[in-house]
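> data_35.cif is the file, holding mmCIF, C-alpha atoms:
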data_input
#
loop_
_atom_site.group_PDB
_atom_site.id
_atom_site.type_symbol
_atom_site.label_atom_id
_atom_site.label_comp_id
_atom_site.auth_asym_id
_atom_site.auth_seq_id
_atom_site.Cartn_x
_atom_site.Cartn_y
_atom_site.Cartn_z
ATOM 1 C CA MET L 193 7.882 -27.982 11.797
ATOM 2 C CA PRO L 194 9.550 -24.602 11.132
ATOM 3 C CA GLU L 195 7.680 -22.061 9.037
ATOM 4 C CA LYS L 196 8.379 -22.552 5.340
ATOM 5 C CA LYS L 197 9.792 -19.471 3.621
ATOM 6 C CA TYR L 198 10.854 -18.775 0.042
ATOM 7 C CA PRO L 199 13.501 -16.328 -1.236
ATOM 8 C CA VAL L 200 11.786 -13.439 -3.007
ATOM 9 C CA ASP L 201 14.298 -13.476 -5.859
ATOM 10 C CA SER L 202 13.281 -17.060 -6.711
ATOM 11 C CA LEU L 203 9.517 -16.452 -6.815
ATOM 12 C CA CYS L 204 7.767 -16.279 -10.188
ATOM 13 C CA PHE L 205 4.321 -15.178 -11.334
ATOM 14 C CA GLY L 206 2.515 -17.225 -13.966
ATOM 15 C CA LEU L 207 -0.329 -19.567 -14.864
ATOM 16 C CA VAL L 208 -1.191 -23.197 -14.197
ATOM 17 C CA ASP L 209 -4.214 -24.385 -16.175
ATOM 18 C CA ASP L 210 -5.148 -20.696 -16.722
ATOM 19 C CA LYS L 211 -5.125 -20.016 -12.971
ATOM 20 C CA LYS L 212 -2.751 -17.376 -11.592
ATOM 21 C CA LYS L 213 -0.020 -18.820 -9.407
ATOM 22 C CA ILE L 214 3.168 -17.824 -7.631
ATOM 23 C CA ALA L 215 5.812 -20.521 -7.986
ATOM 24 C CA PHE L 216 9.232 -21.111 -6.494
ATOM 25 C CA LEU L 217 12.015 -21.738 -9.017
ATOM 26 C CA ASP L 218 14.717 -23.957 -7.513
ATOM 27 C CA ASP L 219 18.391 -24.192 -8.475
ATOM 28 C CA PHE L 220 17.614 -26.998 -10.927
ATOM 29 C CA GLY L 221 15.087 -24.974 -12.949
ATOM 30 C CA VAL L 222 12.066 -26.728 -11.434
ATOM 31 C CA TYR L 223 8.932 -24.750 -10.510
ATOM 32 C CA HIS L 224 7.303 -25.622 -7.166
ATOM 33 C CA ASN L 225 3.831 -24.815 -5.838
ATOM 34 C CA THR L 226 4.087 -22.312 -2.953
ATOM 35 C CA ASN L 227 0.405 -22.524 -1.990
ATOM 36 C CA LEU L 228 0.890 -25.392 0.451
ATOM 37 C CA PHE L 229 1.221 -25.402 4.225
ATOM 38 C CA ASN L 230 2.791 -28.848 4.470
ATOM 39 C CA ALA L 231 6.341 -28.714 3.143
ATOM 40 C CA ARG L 232 6.354 -32.490 2.657
ATOM 41 C CA ALA L 233 3.392 -32.250 0.283
ATOM 42 C CA ASP L 234 5.360 -30.156 -2.186
ATOM 43 C CA VAL L 235 3.919 -30.247 -5.711
ATOM 44 C CA ILE L 236 6.128 -29.706 -8.735
ATOM 45 C CA PHE L 237 4.512 -27.494 -11.409
ATOM 46 C CA ASN L 238 7.392 -27.862 -13.836
ATOM 47 C CA GLU L 239 5.963 -28.100 -17.402
ATOM 48 C CA LYS L 240 2.465 -27.028 -16.289
ATOM 49 C CA PHE L 241 3.684 -23.630 -15.099
ATOM 50 C CA LYS L 242 3.498 -20.896 -17.734
ATOM 51 C CA TYR L 243 5.980 -18.207 -16.718
ATOM 52 C CA ILE L 244 4.882 -14.560 -17.045
ATOM 53 C CA SER L 245 7.477 -12.688 -15.018
ATOM 54 C CA SER L 246 9.338 -12.685 -11.735
ATOM 55 C CA LEU L 247 7.151 -11.800 -8.754
ATOM 56 C CA LYS L 248 9.130 -8.587 -8.253
ATOM 57 C CA GLU L 249 8.539 -7.519 -11.864
ATOM 58 C CA ALA L 250 4.803 -8.245 -11.591
ATOM 59 C CA LEU L 251 4.477 -6.158 -8.437
ATOM 60 C CA VAL L 252 6.486 -3.234 -9.811
ATOM 61 C CA LYS L 253 4.453 -3.270 -13.042
ATOM 62 C CA HIS L 254 1.200 -2.918 -11.100
ATOM 63 C CA ASP L 255 2.487 -0.460 -8.443
ATOM 64 C CA LEU L 256 2.334 -3.094 -5.708
ATOM 65 C CA ASN L 257 6.012 -3.435 -4.847
ATOM 66 C CA MET L 258 5.422 -2.137 -1.300
ATOM 67 C CA LEU L 259 3.951 -5.586 -0.588
ATOM 68 C CA ILE L 260 7.498 -6.930 -0.392
ATOM 69 C CA VAL L 261 8.879 -4.200 1.880
ATOM 70 C CA ASP L 262 9.452 -4.791 5.609
ATOM 71 C CA SER L 263 8.540 -2.569 8.571
ATOM 72 C CA ASN L 264 11.776 -0.589 8.160
ATOM 73 C CA GLY L 265 11.115 0.118 4.503
ATOM 74 C CA ASN L 266 13.689 -2.400 3.269
ATOM 75 C CA PRO L 267 13.029 -5.060 0.602
ATOM 76 C CA LYS L 268 12.060 -8.418 2.087
ATOM 77 C CA GLN L 269 14.435 -11.280 1.368
ATOM 78 C CA TYR L 270 11.952 -14.073 2.154
ATOM 79 C CA LEU L 271 8.172 -14.574 2.142
ATOM 80 C CA ASN L 272 6.185 -17.163 4.053
ATOM 81 C CA ILE L 273 3.187 -18.997 2.615
ATOM 82 C CA GLU L 274 0.608 -16.644 4.144
ATOM 83 C CA GLU L 275 2.383 -13.609 2.676
ATOM 84 C CA ILE L 276 2.534 -15.265 -0.750
ATOM 85 C CA LYS L 277 -1.183 -16.103 -0.671
ATOM 86 C CA TYR L 278 -2.008 -12.516 0.336
ATOM 87 C CA ILE L 279 0.107 -11.082 -2.494
ATOM 88 C CA LEU L 280 -1.423 -13.456 -5.033
ATOM 89 C CA ASN L 281 -4.920 -12.438 -3.906
ATOM 90 C CA ILE L 282 -4.112 -8.758 -4.435
ATOM 91 C CA LEU L 283 -2.494 -9.416 -7.815
ATOM 92 C CA GLU L 284 -5.593 -11.316 -8.956
ATOM 93 C CA ARG L 285 -7.870 -8.457 -7.888
ATOM 94 C CA ARG L 286 -5.630 -5.868 -9.523
ATOM 95 C CA LEU L 287 -5.585 -7.751 -12.826
ATOM 96 C CA SER L 288 -9.371 -8.127 -12.795
ATOM 97 C CA MET L 289 -9.967 -4.383 -12.394
ATOM 98 C CA SER L 290 -11.148 -2.385 -15.388
ATOM 99 C CA GLN L 291 -9.043 0.527 -16.618
ATOM 100 C CA ILE L 292 -11.723 2.921 -15.387
ATOM 101 C CA MET L 293 -11.597 1.420 -11.887
ATOM 102 C CA ILE L 294 -7.803 1.502 -11.896
ATOM 103 C CA GLN L 295 -7.787 5.211 -12.750
ATOM 104 C CA ARG L 296 -10.453 5.828 -10.128
ATOM 105 C CA SER L 297 -8.391 4.049 -7.474
ATOM 106 C CA ILE L 298 -5.353 6.164 -8.409
ATOM 107 C CA VAL L 299 -7.335 9.400 -7.998
ATOM 108 C CA ILE L 300 -8.848 8.274 -4.688
ATOM 109 C CA SER L 301 -5.476 7.080 -3.366
ATOM 110 C CA SER L 302 -3.832 10.377 -4.370
ATOM 111 C CA ASN L 303 -6.537 12.323 -2.548
ATOM 112 C CA ILE L 304 -6.053 10.211 0.576
ATOM 113 C CA VAL L 305 -2.295 10.763 0.477
ATOM 114 C CA ASN L 306 -2.676 14.547 0.173
ATOM 115 C CA ILE L 307 -5.212 14.623 3.007
ATOM 116 C CA VAL L 308 -2.923 12.561 5.255
ATOM 117 C CA SER L 309 0.007 14.822 4.400
ATOM 118 C CA ASP L 310 -1.958 17.871 5.550
ATOM 119 C CA LEU L 311 -3.271 16.154 8.677
ATOM 120 C CA LEU L 312 0.311 15.274 9.616
ATOM 121 C CA GLY L 313 1.171 18.963 9.235
ATOM 122 C CA LEU L 314 3.803 18.414 6.546
ATOM 123 C CA ASN L 315 4.453 21.912 5.151
ATOM 124 C CA ILE L 316 0.851 22.723 6.091
ATOM 125 C CA SER L 317 1.370 26.457 5.425
ATOM 126 C CA GLU L 318 1.309 25.393 1.759
ATOM 127 C CA PRO L 319 -1.372 22.674 2.013
ATOM 128 C CA SER L 320 -1.814 19.875 -0.499
ATOM 129 C CA THR L 321 -5.615 20.076 -0.271
ATOM 130 C CA PRO L 322 -8.197 22.875 -0.188
ATOM 131 C CA PHE L 323 -9.457 21.877 3.259
ATOM 132 C CA LYS L 324 -8.796 24.170 6.195
ATOM 133 C CA PHE L 325 -7.493 21.420 8.449
ATOM 134 C CA LYS L 326 -5.006 23.670 10.257
ATOM 135 C CA GLU L 327 -7.837 25.912 11.426
ATOM 136 C CA GLN L 328 -10.064 22.961 12.305
ATOM 137 C CA PHE L 329 -7.552 20.918 14.285
ATOM 138 C CA ASP L 330 -4.782 23.326 15.332
ATOM 139 C CA ILE L 331 -2.186 21.244 13.481
ATOM 140 C CA ASN L 332 1.513 21.687 14.212
ATOM 141 C CA GLU L 333 3.425 22.488 11.057
ATOM 142 C CA ILE L 334 6.234 20.039 10.284
ATOM 143 C CA LEU L 335 8.711 21.610 7.903
ATOM 144 C CA THR L 336 10.373 19.215 5.498
ATOM 145 C CA SER L 337 12.141 19.421 2.171
ATOM 146 C CA ALA L 338 10.189 19.135 -1.067
ATOM 147 C CA LYS L 339 12.201 16.009 -1.889
ATOM 148 C CA LYS L 340 11.292 14.247 1.362
ATOM 149 C CA LEU L 341 7.634 15.244 1.040
ATOM 150 C CA LYS L 342 7.534 13.896 -2.507
ATOM 151 C CA LEU L 343 9.089 10.604 -1.381
ATOM 152 C CA PHE L 344 6.640 10.291 1.515
ATOM 153 C CA LYS L 345 3.693 10.749 -0.831
ATOM 154 C CA LYS L 346 5.135 8.276 -3.325
ATOM 155 C CA TYR L 347 5.573 5.527 -0.730
ATOM 156 C CA LEU L 348 2.228 6.147 0.959
ATOM 157 C CA LEU L 349 0.455 6.174 -2.416
ATOM 158 C CA GLU L 350 1.760 2.684 -3.122
ATOM 159 C CA TYR L 351 0.562 1.446 0.272
ATOM 160 C CA ILE L 352 -2.885 3.015 -0.116
ATOM 161 C CA GLN L 353 -3.402 1.663 -3.635
ATOM 162 C CA ALA L 354 -2.455 -1.850 -2.527
ATOM 163 C CA SER L 355 -4.657 -1.626 0.575
ATOM 164 C CA LEU L 356 -7.704 -0.438 -1.362
ATOM 165 C CA ILE L 357 -7.298 -3.265 -3.854
ATOM 166 C CA ALA L 358 -6.921 -5.819 -1.051
ATOM 167 C CA GLU L 359 -9.627 -4.546 1.294
ATOM 168 C CA LYS L 360 -11.765 -2.076 -0.743
ATOM 169 C CA ARG L 361 -12.227 -0.136 2.491
ATOM 170 C CA ILE L 362 -9.455 1.151 4.748
ATOM 171 C CA ARG L 363 -8.976 2.974 8.025
ATOM 172 C CA LEU L 364 -5.831 4.887 8.938
ATOM 173 C CA VAL L 365 -5.306 5.989 12.523
ATOM 174 C CA TYR L 366 -2.510 8.224 13.733
ATOM 175 C CA GLU L 367 -2.639 8.748 17.466
ATOM 176 C CA VAL L 368 -0.814 7.757 20.641
ATOM 177 C CA GLY L 369 -0.356 3.989 20.694
ATOM 178 C CA ALA L 370 -2.034 3.473 17.315
ATOM 179 C CA ARG L 371 0.032 4.851 14.464
ATOM 180 C CA ASP L 372 -0.845 3.244 11.155
ATOM 181 C CA TYR L 373 2.042 1.176 9.787
ATOM 182 C CA ARG L 374 1.543 2.556 6.257
ATOM 183 C CA ILE L 375 2.066 6.095 7.493
ATOM 184 C CA THR L 376 4.991 5.313 9.795
ATOM 185 C CA ARG L 377 6.780 3.212 7.174
ATOM 186 C CA SER L 378 6.354 5.944 4.562
ATOM 187 C CA LEU L 379 7.677 8.570 6.983
ATOM 188 C CA ASN L 380 10.659 6.351 7.807
ATOM 189 C CA LYS L 381 11.354 5.580 4.165
ATOM 190 C CA ALA L 382 11.302 9.296 3.305
ATOM 191 C CA LYS L 383 13.557 9.980 6.339
ATOM 192 C CA ILE L 384 11.048 12.342 7.949
ATOM 193 C CA ALA L 385 11.947 12.101 11.618
ATOM 194 C CA SER L 386 9.368 11.413 14.285
ATOM 195 C CA SER L 387 8.951 14.181 16.852
ATOM 196 C CA SER L 388 6.616 15.219 19.650
ATOM 197 C CA ARG L 389 5.184 17.957 17.410
ATOM 198 C CA LEU L 390 4.448 15.484 14.641
ATOM 199 C CA ASN L 391 2.940 12.960 17.044
ATOM 200 C CA GLN L 392 0.547 15.592 18.395
ATOM 201 C CA ASN L 393 -1.145 15.787 14.979
ATOM 202 C CA ILE L 394 -3.588 12.953 15.638
ATOM 203 C CA PHE L 395 -6.425 11.897 13.351
ATOM 204 C CA SER L 396 -8.362 9.021 11.817
ATOM 205 C CA LEU L 397 -9.299 8.576 8.176
ATOM 206 C CA ASP L 398 -11.755 6.144 6.599
ATOM 207 C CA ALA L 399 -11.999 5.622 2.836
ATOM 208 C CA ASP L 400 -13.316 3.182 0.259
ATOM 209 C CA LEU L 401 -13.067 2.485 -3.462
ATOM 210 C CA GLU L 402 -16.278 4.410 -4.049
ATOM 211 C CA GLY L 403 -14.455 7.614 -3.120
ATOM 212 C CA LYS L 404 -16.061 8.152 0.268
ATOM 213 C CA ILE L 405 -13.612 9.701 2.714
ATOM 214 C CA LYS L 406 -14.154 10.589 6.367
ATOM 215 C CA VAL L 407 -11.733 12.478 8.587
ATOM 216 C CA ASN L 408 -12.315 12.031 12.306
ATOM 217 C CA ASP L 409 -15.671 10.403 11.423
ATOM 218 C CA VAL L 410 -16.868 13.461 9.462
ATOM 219 C CA ASP L 411 -17.448 13.328 5.693
ATOM 220 C CA ILE L 412 -14.622 15.182 3.945
ATOM 221 C CA LYS L 413 -17.113 17.218 1.927
ATOM 222 C CA GLU L 414 -18.413 18.841 5.113
ATOM 223 C CA TYR L 415 -15.097 20.525 5.855
ATOM 224 C CA PRO L 416 -14.679 24.165 4.741
ATOM 225 C CA LYS L 417 -12.522 24.628 1.644
ATOM 226 C CA GLU L 418 -10.378 27.231 -0.043
ATOM 227 C CA PHE L 419 -11.877 27.865 -3.465
ATOM 228 C CA GLN L 420 -8.583 28.365 -5.249
ATOM 229 C CA LYS L 421 -7.803 24.655 -4.916
ATOM 230 C CA THR L 422 -9.843 21.724 -6.135
ATOM 231 C CA ILE L 423 -9.894 18.040 -5.301
ATOM 232 C CA LYS L 424 -11.604 15.261 -7.257
ATOM 233 C CA PHE L 425 -13.506 12.358 -5.727
#
As a first step, turn the structure in this file into structure tokens.


Amino acid sequence: MPEKKYPVDSLCFGLVDDKKKIAFLDDFGVYHNTNLFNARADVIFNEKFKYISSLKEALVKHDLNMLIVDSNGNPKQYLNIEEIKYILNILERRLSMSQIMIQRSIVISSNIVNIVSDLLGLNISEPSTPFKFKEQFDINEILTSAKKLKLFKKYLLEYIQASLIAEKRIRLVYEVGARDYRITRSLNKAKIASSSRLNQNIFSLDADLEGKIKVNDVDIKEYPKEFQKTIKF
């Protein structure tokens, strides 16, 4: 049996018996359960489904819209059942987070993005963090426009926030044969071209929702810093 897929534009976020669900709205105005692997066992929610918003609107509202973007940075047209279940899981976790934890995740994600930007060498002569990474790792500077750098950080921030919510602990690797998809997609989306100089700036980064960050397996706090810049953890 071919893999069942649903058009993104027809997916809705809502409740069934107070449980969060993603439903498929067909051309006849009937809501269908998407959380089934057997297409023949389709269950109609119909009157039980309490509509909250379209899936797209729910993801945009909670800064999770990168979950419906493909490897080229383009919006996905269809989602399979596994993708829908994954998205629903992240939405449930995001909605259960306290406002304090949400703000904390934003700060941590922003710090990760700035660290990655510096490790990639993007305008490293004017670093985004106080850490002396260029001196530590002999990073090649990659000159890019302020607009492209801003876009890169925006896209990567969305990926990091979603990943931390989904996994609570993440690892990003940028080296030969193992370039993290979140980084490469954000670079592509911001139209920052790949080059041999950029690809020589290799690193690994580990982080969690508690604010612990390691670069190349060393705690970020152990790296020397410029005192005129600060970073919050």

> Using all atoms listed in the file, find all polymer residues with an atom at most 9 Å away from the point (6.5, 7.3, 1.9); report them as a PyMOL selection string.

chain L and resi 265+340-351+374-383

> I need every residue sitting at most 12 Å from the point (-4.2, -3.3, 3.2) (coordinates as in the file, only C-alpha atoms considered), written as a compact mmCIF listing (two decimals) with C-alpha atoms, in the frame of the given file.


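Written out: selection-v1.txt:
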# COMPACT_ATOMS: atom_id res chain seq x y z
CA LEU L 256 2.33 -3.09 -5.71
CA MET L 258 5.42 -2.14 -1.30
CA LEU L 259 3.95 -5.59 -0.59
CA TYR L 278 -2.01 -12.52 0.34
CA ILE L 279 0.11 -11.08 -2.49
CA ASN L 281 -4.92 -12.44 -3.91
CA ILE L 282 -4.11 -8.76 -4.43
CA LEU L 348 2.23 6.15 0.96
CA LEU L 349 0.46 6.17 -2.42
CA GLU L 350 1.76 2.68 -3.12
CA TYR L 351 0.56 1.45 0.27
CA ILE L 352 -2.88 3.02 -0.12
CA GLN L 353 -3.40 1.66 -3.64
CA ALA L 354 -2.46 -1.85 -2.53
CA SER L 355 -4.66 -1.63 0.57
CA LEU L 356 -7.70 -0.44 -1.36
CA ILE L 357 -7.30 -3.26 -3.85
CA ALA L 358 -6.92 -5.82 -1.05
CA GLU L 359 -9.63 -4.55 1.29
CA LYS L 360 -11.76 -2.08 -0.74
CA ARG L 361 -12.23 -0.14 2.49
CA ILE L 362 -9.46 1.15 4.75
CA ARG L 363 -8.98 2.97 8.02
CA LEU L 364 -5.83 4.89 8.94
CA ASP L 372 -0.84 3.24 11.16
CA TYR L 373 2.04 1.18 9.79
CA ARG L 374 1.54 2.56 6.26
CA ALA L 399 -12.00 5.62 2.84
CA ASP L 400 -13.32 3.18 0.26

> What's around Asp398 (chain L) at 12 Å? Count all atoms listed in the file, leave out sequence neighbours fewer than 2 positions away in its own chain, and write the answer as a count of residues only.

29

> Where does the PyMOL selection byres ((chain L and resi 217) around 12) land in this file, that is, which residues does it pick, as a list in words?

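Evaluating the PyMOL selection byres ((chain L and resi 217) around 12) on this file yields Tyr198, Pro199, Val200, Asp201, Ser202, Leu203, Cys204, Phe205, Gly206, Ile214, Ala215, Phe216, Asp218, Asp219, Phe220, Gly221, Val222, Tyr223, His224, Asn225, Thr226, Ile236, Phe237, Asn238, Phe241, Tyr243, Ser245, Ser246 and Leu247 of chain L.
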
> Fewer than 4 positions away in the same chain doesn't count, so skip those; otherwise give me all residues within 10 Å of Glu327 (chain L), counting all atoms listed in the file, as a list of chain:residue names.

L:Phe323, L:Ile331, L:Pro416

> Counting all atoms listed in the file, figure out which residue out of L:Leu397, L:Leu251, L:Ile276, L:Ile334 gets nearest to Ala385 (chain L).

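Closest residue, counting all atoms listed in the file: L:Ile334.
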
> Please indicate the distance in Å from CA of Asn315 (chain L) to CA of Val299 (chain L), rounded to one decimal place.

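Straight-line distance from CA of Asn315 (chain L) to CA of Val299 (chain L) works out to 21.6 Å.
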
> Where atoms are absent from region 195-206 of chain L, fill them in so it carries all heavy atoms, then output it as a PDB file, in the coordinates of the input.


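Resulting contents of selection_26.pdb:
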ATOM      1  N   GLU L 195       8.450 -22.735  10.079  1.00  0.00           N
ATOM      2  CA  GLU L 195       7.680 -22.061   9.037  1.00  0.00           C
ATOM      3  C   GLU L 195       8.446 -22.091   7.719  1.00  0.00           C
ATOM      4  O   GLU L 195       9.639 -21.796   7.669  1.00  0.00           O
ATOM      5  CB  GLU L 195       7.424 -20.612   9.459  1.00  0.00           C
ATOM      6  CG  GLU L 195       6.610 -19.828   8.463  1.00  0.00           C
ATOM      7  CD  GLU L 195       6.426 -18.380   8.891  1.00  0.00           C
ATOM      8  OE1 GLU L 195       7.424 -17.747   9.301  1.00  0.00           O
ATOM      9  OE2 GLU L 195       5.287 -17.890   8.835  1.00  0.00           O
ATOM     10  N   LYS L 196       7.729 -22.475   6.650  1.00  0.00           N
ATOM     11  CA  LYS L 196       8.379 -22.552   5.340  1.00  0.00           C
ATOM     12  C   LYS L 196       8.437 -21.158   4.723  1.00  0.00           C
ATOM     13  O   LYS L 196       7.446 -20.442   4.678  1.00  0.00           O
ATOM     14  CB  LYS L 196       7.615 -23.501   4.425  1.00  0.00           C
ATOM     15  CG  LYS L 196       8.374 -23.848   3.134  1.00  0.00           C
ATOM     16  CD  LYS L 196       7.699 -24.968   2.398  1.00  0.00           C
ATOM     17  CE  LYS L 196       8.455 -25.357   1.134  1.00  0.00           C
ATOM     18  NZ  LYS L 196       9.803 -25.896   1.433  1.00  0.00           N
ATOM     19  N   LYS L 197       9.610 -20.770   4.259  1.00  0.00           N
ATOM     20  CA  LYS L 197       9.792 -19.471   3.621  1.00  0.00           C
ATOM     21  C   LYS L 197      10.501 -19.648   2.283  1.00  0.00           C
ATOM     22  O   LYS L 197      11.257 -20.600   2.095  1.00  0.00           O
ATOM     23  CB  LYS L 197      10.599 -18.531   4.524  1.00  0.00           C
ATOM     24  CG  LYS L 197       9.883 -18.123   5.802  1.00  0.00           C
ATOM     25  CD  LYS L 197      10.688 -17.099   6.568  1.00  0.00           C
ATOM     26  CE  LYS L 197       9.949 -16.636   7.812  1.00  0.00           C
ATOM     27  NZ  LYS L 197      10.716 -15.594   8.556  1.00  0.00           N
ATOM     28  N   TYR L 198      10.251 -18.718   1.377  1.00  0.00           N
ATOM     29  CA  TYR L 198      10.854 -18.775   0.042  1.00  0.00           C
ATOM     30  C   TYR L 198      11.604 -17.476  -0.239  1.00  0.00           C
ATOM     31  O   TYR L 198      11.107 -16.388   0.087  1.00  0.00           O
ATOM     32  CB  TYR L 198       9.778 -18.961  -1.019  1.00  0.00           C
ATOM     33  CG  TYR L 198       9.012 -20.253  -0.927  1.00  0.00           C
ATOM     34  CD1 TYR L 198       7.845 -20.338  -0.178  1.00  0.00           C
ATOM     35  CD2 TYR L 198       9.447 -21.401  -1.598  1.00  0.00           C
ATOM     36  CE1 TYR L 198       7.130 -21.525  -0.091  1.00  0.00           C
ATOM     37  CE2 TYR L 198       8.738 -22.593  -1.528  1.00  0.00           C
ATOM     38  CZ  TYR L 198       7.582 -22.647  -0.764  1.00  0.00           C
ATOM     39  OH  TYR L 198       6.876 -23.819  -0.684  1.00  0.00           O
ATOM     40  N   PRO L 199      12.770 -17.545  -0.861  1.00  0.00           N
ATOM     41  CA  PRO L 199      13.501 -16.328  -1.236  1.00  0.00           C
ATOM     42  C   PRO L 199      12.726 -15.555  -2.308  1.00  0.00           C
ATOM     43  O   PRO L 199      12.289 -16.139  -3.307  1.00  0.00           O
ATOM     44  CB  PRO L 199      14.838 -16.846  -1.775  1.00  0.00           C
ATOM     45  CG  PRO L 199      14.576 -18.278  -2.141  1.00  0.00           C
ATOM     46  CD  PRO L 199      13.513 -18.771  -1.213  1.00  0.00           C
ATOM     47  N   VAL L 200      12.570 -14.271  -2.084  1.00  0.00           N
ATOM     48  CA  VAL L 200      11.786 -13.439  -3.007  1.00  0.00           C
ATOM     49  C   VAL L 200      12.351 -13.489  -4.426  1.00  0.00           C
ATOM     50  O   VAL L 200      11.599 -13.550  -5.406  1.00  0.00           O
ATOM     51  CB  VAL L 200      11.732 -11.976  -2.506  1.00  0.00           C
ATOM     52  CG1 VAL L 200      11.044 -11.080  -3.530  1.00  0.00           C
ATOM     53  CG2 VAL L 200      10.998 -11.896  -1.175  1.00  0.00           C
ATOM     54  N   ASP L 201      13.666 -13.492  -4.534  1.00  0.00           N
ATOM     55  CA  ASP L 201      14.298 -13.476  -5.859  1.00  0.00           C
ATOM     56  C   ASP L 201      14.029 -14.748  -6.669  1.00  0.00           C
ATOM     57  O   ASP L 201      14.262 -14.766  -7.885  1.00  0.00           O
ATOM     58  CB  ASP L 201      15.806 -13.273  -5.725  1.00  0.00           C
ATOM     59  CG  ASP L 201      16.157 -11.851  -5.309  1.00  0.00           C
ATOM     60  OD1 ASP L 201      15.307 -10.957  -5.477  1.00  0.00           O
ATOM     61  OD2 ASP L 201      17.283 -11.653  -4.805  1.00  0.00           O
ATOM     62  N   SER L 202      13.544 -15.804  -6.009  1.00  0.00           N
ATOM     63  CA  SER L 202      13.281 -17.060  -6.711  1.00  0.00           C
ATOM     64  C   SER L 202      11.782 -17.304  -6.937  1.00  0.00           C
ATOM     65  O   SER L 202      11.399 -18.381  -7.382  1.00  0.00           O
ATOM     66  CB  SER L 202      13.862 -18.239  -5.912  1.00  0.00           C
ATOM     67  OG  SER L 202      15.272 -18.129  -5.821  1.00  0.00           O
ATOM     68  N   LEU L 203      10.960 -16.306  -6.635  1.00  0.00           N
ATOM     69  CA  LEU L 203       9.517 -16.452  -6.815  1.00  0.00           C
ATOM     70  C   LEU L 203       9.089 -15.899  -8.177  1.00  0.00           C
ATOM     71  O   LEU L 203       9.559 -14.839  -8.606  1.00  0.00           O
ATOM     72  CB  LEU L 203       8.763 -15.731  -5.696  1.00  0.00           C
ATOM     73  CG  LEU L 203       8.915 -16.373  -4.307  1.00  0.00           C
ATOM     74  CD1 LEU L 203       8.282 -15.490  -3.239  1.00  0.00           C
ATOM     75  CD2 LEU L 203       8.302 -17.763  -4.282  1.00  0.00           C
ATOM     76  N   CYS L 204       8.209 -16.630  -8.838  1.00  0.00           N
ATOM     77  CA  CYS L 204       7.767 -16.279 -10.188  1.00  0.00           C
ATOM     78  C   CYS L 204       6.248 -16.202 -10.258  1.00  0.00           C
ATOM     79  O   CYS L 204       5.535 -16.929  -9.547  1.00  0.00           O
ATOM     80  CB  CYS L 204       8.243 -17.322 -11.199  1.00  0.00           C
ATOM     81  SG  CYS L 204      10.016 -17.655 -11.121  1.00  0.00           S
ATOM     82  N   PHE L 205       5.752 -15.332 -11.123  1.00  0.00           N
ATOM     83  CA  PHE L 205       4.321 -15.178 -11.334  1.00  0.00           C
ATOM     84  C   PHE L 205       3.968 -15.784 -12.687  1.00  0.00           C
ATOM     85  O   PHE L 205       4.659 -15.556 -13.682  1.00  0.00           O
ATOM     86  CB  PHE L 205       3.947 -13.691 -11.311  1.00  0.00           C
ATOM     87  CG  PHE L 205       2.487 -13.420 -11.554  1.00  0.00           C
ATOM     88  CD1 PHE L 205       1.521 -13.930 -10.708  1.00  0.00           C
ATOM     89  CD2 PHE L 205       2.085 -12.669 -12.649  1.00  0.00           C
ATOM     90  CE1 PHE L 205       0.165 -13.685 -10.940  1.00  0.00           C
ATOM     91  CE2 PHE L 205       0.745 -12.416 -12.880  1.00  0.00           C
ATOM     92  CZ  PHE L 205      -0.214 -12.927 -12.020  1.00  0.00           C
ATOM     93  N   GLY L 206       2.896 -16.593 -12.708  1.00  0.00           N
ATOM     94  CA  GLY L 206       2.515 -17.225 -13.966  1.00  0.00           C
ATOM     95  C   GLY L 206       1.174 -17.927 -13.870  1.00  0.00           C
ATOM     96  O   GLY L 206       0.370 -17.634 -12.994  1.00  0.00           O
TER      97      GLY L 206
END
